[in-house]
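Heads up: the structure comes next, in structure tokens.
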2 protein chains.
Amino acid sequence: MSDNYCIGLDYGTNSVRAVIVNTANGDEIAESVWDYAHGEAGIILDARDPNLARQHPRDYLDGARAVIRDALSHTASVAGFEPAQVIGIGVDTTGSTPMPLAVDGAPLAFSAEYGENPAAMAWLWKDHTSAAEAEEITSGARKIRPQFLAKCGGIYSSEWFWSKLLKCKRSAQPVFDAAHTWVEIADWIPAQLCGVSDPARIKRGICAAGHKALFHTDWGGYPDEEFLTGLDPDLARVRRSLPDAAYTVDQQAGRLSPEWARETGLPAGIPVAVGAFDAHLGAVGSGIRPGVLVKILGTSTCDMMVVPRSQQLADIPGLCGIVPGSILPGHFGLEAGQSAVGDIFNWFVNYVQPGGAQKGSHEALTAAAEKLAPGESGLLGLDWHNGNRTVLVDVRLTGALLGLTLHSRPEEIYRALVESTAFGARVIMERFEEYDQRVTEIVNCGGISVKNPMVMQIYADVMNRPLKIARSRQTPAVGAAMAGAVVAGTAAGGHRDFDAAIEAMTGTLDTEFMPIARNARVYDRLYALYRRIHDAFGVLDSQSALSDVMKELIAIRDETRAT
Amino acid sequence: MSDNYCIGLDYGTNSVRAVIVNTANGDEIAESVWDYAHGEAGIILDARDPNLARQHPRDYLDGARAVIRDALSHTASVAGFEPAQVIGIGVDTTGSTPMPLAVDGAPLAFSAEYGENPAAMAWLWKDHTSAAEAEEITSGARKIRPQFLAKCGGIYSSEWFWSKLLKCKRSAQPVFDAAHTWVEIADWIPAQLCGVSDPARIKRGICAAGHKALFHTDWGGYPDEEFLTGLDPDLARVRRSLPDAAYTVDQQAGRLSPEWARETGLPAGIPVAVGAFDAHLGAVGSGIRPGVLVKILGTSTCDMMVVPRSQQLADIPGLCGIVPGSILPGHFGLEAGQSAVGDIFNWFVNYVQPGGAQKGSHEALTAAAEKLAPGESGLLGLDWHNGNRTVLVDVRLTGALLGLTLHSRPEEIYRALVESTAFGARVIMERFEEYDQRVTEIVNCGGISVKNPMVMQIYADVMNRPLKIARSRQTPAVGAAMAGAVVAGTAAGGHRDFDAAIEAMTGTLDTEFMPIARNARVYDRLYALYRRIHDAFGVLDSQSALSDVMKELIAIRDETRAT
């Protein structure tokens, strides 16, 4: 019997990638990347508003065509490969990245009237124009629907679905009025591949709905109209356009349409899985299962766990979300994360540009920093340069560096920045364990995990745990392909369920980072100090009376900039 | 009547300078600088011990000869100038910079036996080898002589006289045993110029004795033998070699010896004033008087005030010293300071080297930073990169930076560093005023005051006071020359007293930095935050429970470096 393959389509912030994966062993036989054509590196910006970040949905479709075709053309490594061996497709995307649709299901951005209007495009996950609206939603929920907040860490984010819709209503009402409904691109792209245009027939994934749009079966799906009407009656109108159900990634969004089959060369009718976010399918592609903490280490991090739905699970405070089925069917999906990790190192290299010419690259700083012993610099940082996602859930926190002397050198600062993010990672792990979710194994994926062994060793030492690295460098795409294999099913040469797909298609590298006891002892002491300044500056009811300091600095800054 | 002149000899850390000053109007008609010949930039170092910093006394004598001769040869601007018009000499030096003398009064460093031994040389002010001994002296005084500490800010420093002597005993006993007595170079150099070699006849200045060697008339001069014996009986032996009196700078150390007159071309027999430290005579050269805060802004700062001895004066906590007569005769001399100011800016430029090639100079960073409005960066720093001298008197404190984001730029950090030192300056000013020493005028001198208008404007805005700049760029040398004019007296064409010398010989520039109300309002808010983190990390009995954090970081660092 010949091998079978699935395609994972991975929609990132700047480009889309297709990977063709062998369903029997996870081999990635071909891949292709296509950079979005619109805006700057695929992002439509506004010189007057640095918080604005949009994407044009045309790029999603043009990109899918380009990468599938191109990947299929690069399969020479597998003799005799035929596109007919592709049995399923999965899709992961960034999110929350919602987009308005007209009544016929077409994106408003495809219309002549709104084609150039950023409000009619996809509101990219990192669009931060909706800060005021997010606060309004949080405070509304705090008053009458506290249960909503218990599932999303206590604060509704400006990056999320309803904040963006409310902002659109407030700032671009003609667009909002013209929109029949809104859809996450994680849901819209699979529907497009299947030729589903009727908005009512687009299957919404539980991942996006649950983590970003307050969907929960406890309260019958999306938030009730009374709550939404309290924010804005027009949100209730959008609510009525949304379905009552949301689906896990083992469900079909539909089957590949004849048109898409013709345009890509894939067999028509192969199943397309319901879409999910990159981090969630990345966790799947890293082999997540109960007890395994999957850390996706990039510019920011996601820290994912799953808990069988048969277990009792408290509302763990500070997590970004706890959503049944958002990662694996039959499991609660737990999402935590750090709002900046690699971005902090990039800030130091790109903004501070330390060390003068030639000495300030990541490589040079790493080479110098790895010669230092833990504690040797006397420096200690707070990794809040982009706020704190878990466990404080507070964007109005900022980074800090203590212990500076007249001799502090760039490589010492660089290492202290790395260590600060490792301490932040340990806070997250400890929060899981405080709520009885024991971490028996840690699997890392994402750029940093394969690019910077010093960072990994510091994480191992700080967390005092062995760290594994996922075998694939494209875990979201592999996870998406695994969803394709599950929806294809065993009869077609796919998999019965995710247990089987994980067993067959995922693994870790032989290289494992083991904690070094001597380092771990020093880091225990530094971590105790980190926790104290973390709590002093970050915890509102701490004894330190410093918890408003960073917020006051931001308030002064914002007032100054406004005048 | 022809004009009269005095020479100020200013012994700095790396070089000695002579300035010839007109006693009638303070005009500086000629000057000369000579770099010390020994060591690196005049400092003898030890590759094995970064805390060691010594100087060879030969440089003090060679330097005096060189700069006096050279300055006299550069008087062409004054037609008809004759060396005979020089009527007096004053000397200022760094300190505490004590040096061991043999029983015949010769420096041990001049002997064949100890000539190459760093312990036999002058222990430069910034020699920090005596940290343990300083703690021992502090703790000994705390137990049985608390009055000693009340006059020097509560802590006896490793930079000071007795710490260095005790360290010499402990680490280089043969040198210590060979020493008959120890003398500050501020006292030794004037004695040399006068041909005084008998150690018993060297007049000790109250400036060095009072600020660095615990000399006070309240307890009959230097510390009693019982106290010193408790530290080490051999210190009591040195105590017995010290005189009972110490002198103000309006007293003669002696008269220029025929030998020195021959070697320099100056008239023999002109009076040489008792020596004092550079900061103190710098304050005199800046025109200090009651109500005037003189700020000497350089790599570190000194903040000086005088209070008439007729006034009641509390022991102001946190000051480096309160010594009757140490600045002006008839006045208490009050010395405060910041242990790093320009050094912090230099650290950022030289160690962090921000901005890549060509963008990280002081000039470039200042040009970019002065475009920023107060508060705009959202950054706030603690200026403790070299510990805190006033008001916390704690070397085990370190610098900090809060408010960092992924967009923080080098010029924002540079400005935040400048602002942090300005906040530190305001703490000192407020401490004076809390103890009823109203600051009615602020006169600045030192490199930064004339080199960087942005720094001065930020200081004016943060302190919310007008800032004047001393007219002379060489205020210590001018202050020393004024001492020469006072010991010369009116009959010789000098001055009756320092009131008259200050009136005639000092002044401020027309340029004055006025606080900008809008900036001052923002800085008031930032200063309130600075005070809170200052107290949280710096005050031992604060409510924050963070006051041990920086000390613990240093402890971990030192343990790590020791293993």
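All residue names refer to the structure tokens as shown: chains lettered A, B, ... in order, residues numbered from 1 in each chain, ligands numbered from 1 in order.
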Restrict the distance test to only C-alpha atoms, flag each residue of chain A within 8 Å of chain B, and return the flagged residues as a PyMOL selection string.
-> chain A and resi 343-344+347+351-357+373-380+384-386+397-410+522+526+529+532-533+536+543-546+549-550+553-554+556-558+560-561
Using DSSP on the backbone coordinates, identify the residues of segment 202-401 of chain B assigned to helix (DSSP H, G or I); present them as a PyMOL selection string.
-> chain B and resi 206-212+217-219+225-231+233-241+258-264+278-285+342-352+362-369
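Look at Cys445 of chain A: the protein and nucleic acid residues within 8 Å of it, using only C-alpha atoms and passing over chain neighbours fewer than 6 places away, are Ser286, Val294, Lys295, Ile296, Leu297, Ile469, Ala470, Ser472, Arg473 and Thr475 of chain A.
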May I have the residues from that selection written out with all heavy atoms, as a CSV table (one decimal), in the first residue's frame?
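Output (part_12.csv):
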```csv
chain,number,residue,atom,x,y,z
A,286,SER,N,3.2,19.1,18.4
A,286,SER,CA,4.3,18.8,19.3
A,286,SER,C,4.0,17.6,20.1
A,286,SER,O,4.8,17.2,21.0
A,286,SER,CB,4.5,20.0,20.2
A,286,SER,OG,4.8,21.2,19.5
A,294,VAL,N,3.3,22.0,26.5
A,294,VAL,CA,3.9,22.4,25.3
A,294,VAL,C,4.2,23.9,25.3
A,294,VAL,O,3.3,24.7,25.5
A,294,VAL,CB,3.1,22.0,24.0
A,294,VAL,CG1,3.7,22.6,22.8
A,294,VAL,CG2,2.9,20.5,23.9
A,295,LYS,N,5.5,24.3,25.1
A,295,LYS,CA,5.8,25.7,25.1
A,295,LYS,C,6.2,26.1,23.7
A,295,LYS,O,7.1,25.5,23.1
A,295,LYS,CB,7.0,25.9,26.0
A,295,LYS,CG,6.7,25.8,27.5
A,295,LYS,CD,7.9,26.0,28.4
A,295,LYS,CE,8.4,27.4,28.3
A,295,LYS,NZ,7.4,28.5,28.8
A,296,ILE,N,5.5,27.0,23.1
A,296,ILE,CA,5.8,27.5,21.8
A,296,ILE,C,6.6,28.8,22.0
A,296,ILE,O,6.1,29.8,22.4
A,296,ILE,CB,4.5,27.8,21.0
A,296,ILE,CG1,3.7,26.5,21.0
A,296,ILE,CG2,4.8,28.2,19.6
A,296,ILE,CD1,2.3,26.6,20.4
A,297,LEU,N,7.9,28.7,21.7
A,297,LEU,CA,8.8,29.8,22.0
A,297,LEU,C,9.2,30.6,20.8
A,297,LEU,O,9.9,30.2,19.9
A,297,LEU,CB,10.1,29.3,22.6
A,297,LEU,CG,10.0,28.5,23.9
A,297,LEU,CD1,11.3,27.9,24.3
A,297,LEU,CD2,9.5,29.3,25.0
A,469,ILE,N,12.6,19.0,22.8
A,469,ILE,CA,12.3,19.8,21.6
A,469,ILE,C,11.5,19.0,20.6
A,469,ILE,O,11.8,17.9,20.3
A,469,ILE,CB,13.6,20.3,20.9
A,469,ILE,CG1,14.6,20.8,21.9
A,469,ILE,CG2,13.3,21.3,19.8
A,469,ILE,CD1,14.3,22.1,22.5
A,470,ALA,N,10.4,19.6,20.1
A,470,ALA,CA,9.6,18.9,19.1
A,470,ALA,C,10.4,18.6,17.9
A,470,ALA,O,11.2,19.4,17.5
A,470,ALA,CB,8.3,19.7,18.8
A,472,SER,N,9.5,18.4,14.7
A,472,SER,CA,9.2,19.2,13.6
A,472,SER,C,9.5,20.7,13.9
A,472,SER,O,9.3,21.2,15.0
A,472,SER,CB,7.7,19.1,13.2
A,472,SER,OG,7.4,20.1,12.2
A,473,ARG,N,10.0,21.4,12.8
A,473,ARG,CA,10.1,22.8,13.0
A,473,ARG,C,8.9,23.5,12.5
A,473,ARG,O,8.8,24.8,12.6
A,473,ARG,CB,11.3,23.3,12.1
A,473,ARG,CG,12.6,22.8,12.6
A,473,ARG,CD,13.8,23.6,12.0
A,473,ARG,NE,15.0,23.2,12.6
A,473,ARG,CZ,16.1,24.0,12.6
A,473,ARG,NH1,16.0,25.2,12.1
A,473,ARG,NH2,17.2,23.6,13.1
A,475,THR,N,5.5,22.8,13.6
A,475,THR,CA,4.5,22.1,14.4
A,475,THR,C,3.1,22.6,14.1
A,475,THR,O,2.2,21.7,14.1
A,475,THR,CB,4.8,22.1,15.9
A,475,THR,OG1,5.0,23.5,16.3
A,475,THR,CG2,6.0,21.3,16.3
```
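Contact shell of Ser163 of chain B at 6 Å (only C-alpha atoms; same-chain neighbours under 3 positions omitted): Ser130, Glu133, Ala134, Ser158, Trp160 and Leu166 of chain B.
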Any chance you could export the current selection's all heavy atoms as a compact mmCIF listing (two decimals), in the first residue's frame?
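See out_2.txt below for the written result:
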```
# COMPACT_ATOMS: atom_id res chain seq x y z
N SER B 130 39.53 48.42 51.22
CA SER B 130 39.33 48.38 52.67
C SER B 130 37.88 48.19 53.08
O SER B 130 37.48 48.65 54.18
CB SER B 130 39.85 49.68 53.29
OG SER B 130 41.04 50.11 52.67
N GLU B 133 37.45 46.46 56.45
CA GLU B 133 37.94 47.29 57.55
C GLU B 133 36.96 48.43 57.85
O GLU B 133 36.75 48.81 59.01
CB GLU B 133 39.32 47.84 57.21
CG GLU B 133 40.44 46.80 57.24
CD GLU B 133 40.40 45.80 56.09
OE1 GLU B 133 39.77 46.11 55.05
OE2 GLU B 133 41.00 44.72 56.22
N ALA B 134 36.36 48.99 56.78
CA ALA B 134 35.39 50.06 56.99
C ALA B 134 34.19 49.55 57.79
O ALA B 134 33.70 50.22 58.70
CB ALA B 134 34.93 50.61 55.64
N SER B 158 34.94 52.92 53.21
CA SER B 158 36.18 52.23 52.83
C SER B 158 37.17 53.18 52.13
O SER B 158 38.33 52.85 51.95
CB SER B 158 35.87 51.07 51.90
OG SER B 158 35.36 51.55 50.68
N TRP B 160 38.10 55.96 53.34
CA TRP B 160 38.60 56.94 54.29
C TRP B 160 39.85 56.46 55.04
O TRP B 160 40.15 55.27 55.13
CB TRP B 160 37.49 57.34 55.25
CG TRP B 160 36.36 58.06 54.56
CD1 TRP B 160 36.34 58.53 53.27
CD2 TRP B 160 35.07 58.39 55.12
NE1 TRP B 160 35.13 59.13 52.99
CE2 TRP B 160 34.33 59.06 54.11
CE3 TRP B 160 34.47 58.18 56.36
CZ2 TRP B 160 33.03 59.52 54.31
CZ3 TRP B 160 33.17 58.65 56.57
CH2 TRP B 160 32.46 59.31 55.55
N LEU B 166 44.07 50.60 58.49
CA LEU B 166 43.84 49.27 59.05
C LEU B 166 44.05 48.19 58.00
O LEU B 166 44.63 47.13 58.27
CB LEU B 166 42.40 49.22 59.61
CG LEU B 166 42.00 48.00 60.44
CD1 LEU B 166 42.99 47.74 61.57
CD2 LEU B 166 40.57 48.18 61.01
```
Using the chain letters and numbers from this document, which residues of segment 276-465 of chain B does DSSP assign to strand (DSSP E), as a PyMOL selection string?
-> chain B and resi 276-277+292-297+301-308+321-324+331-338+380-382+399-404+441-445
Between B:Glu263, B:Asp436, B:Asp497, B:Asp10, which has the minimum distance to Ile89 of chain B (counting only C-alpha atoms)?
-> B:Asp10
Tell me which of A:Gly39, A:Gly325, A:Gly333, A:Gly265 sits closest to Leu293 of chain A, counting only C-alpha atoms.
->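 That would be A:Gly333, the residue with the smallest distance to Leu293 of chain A.
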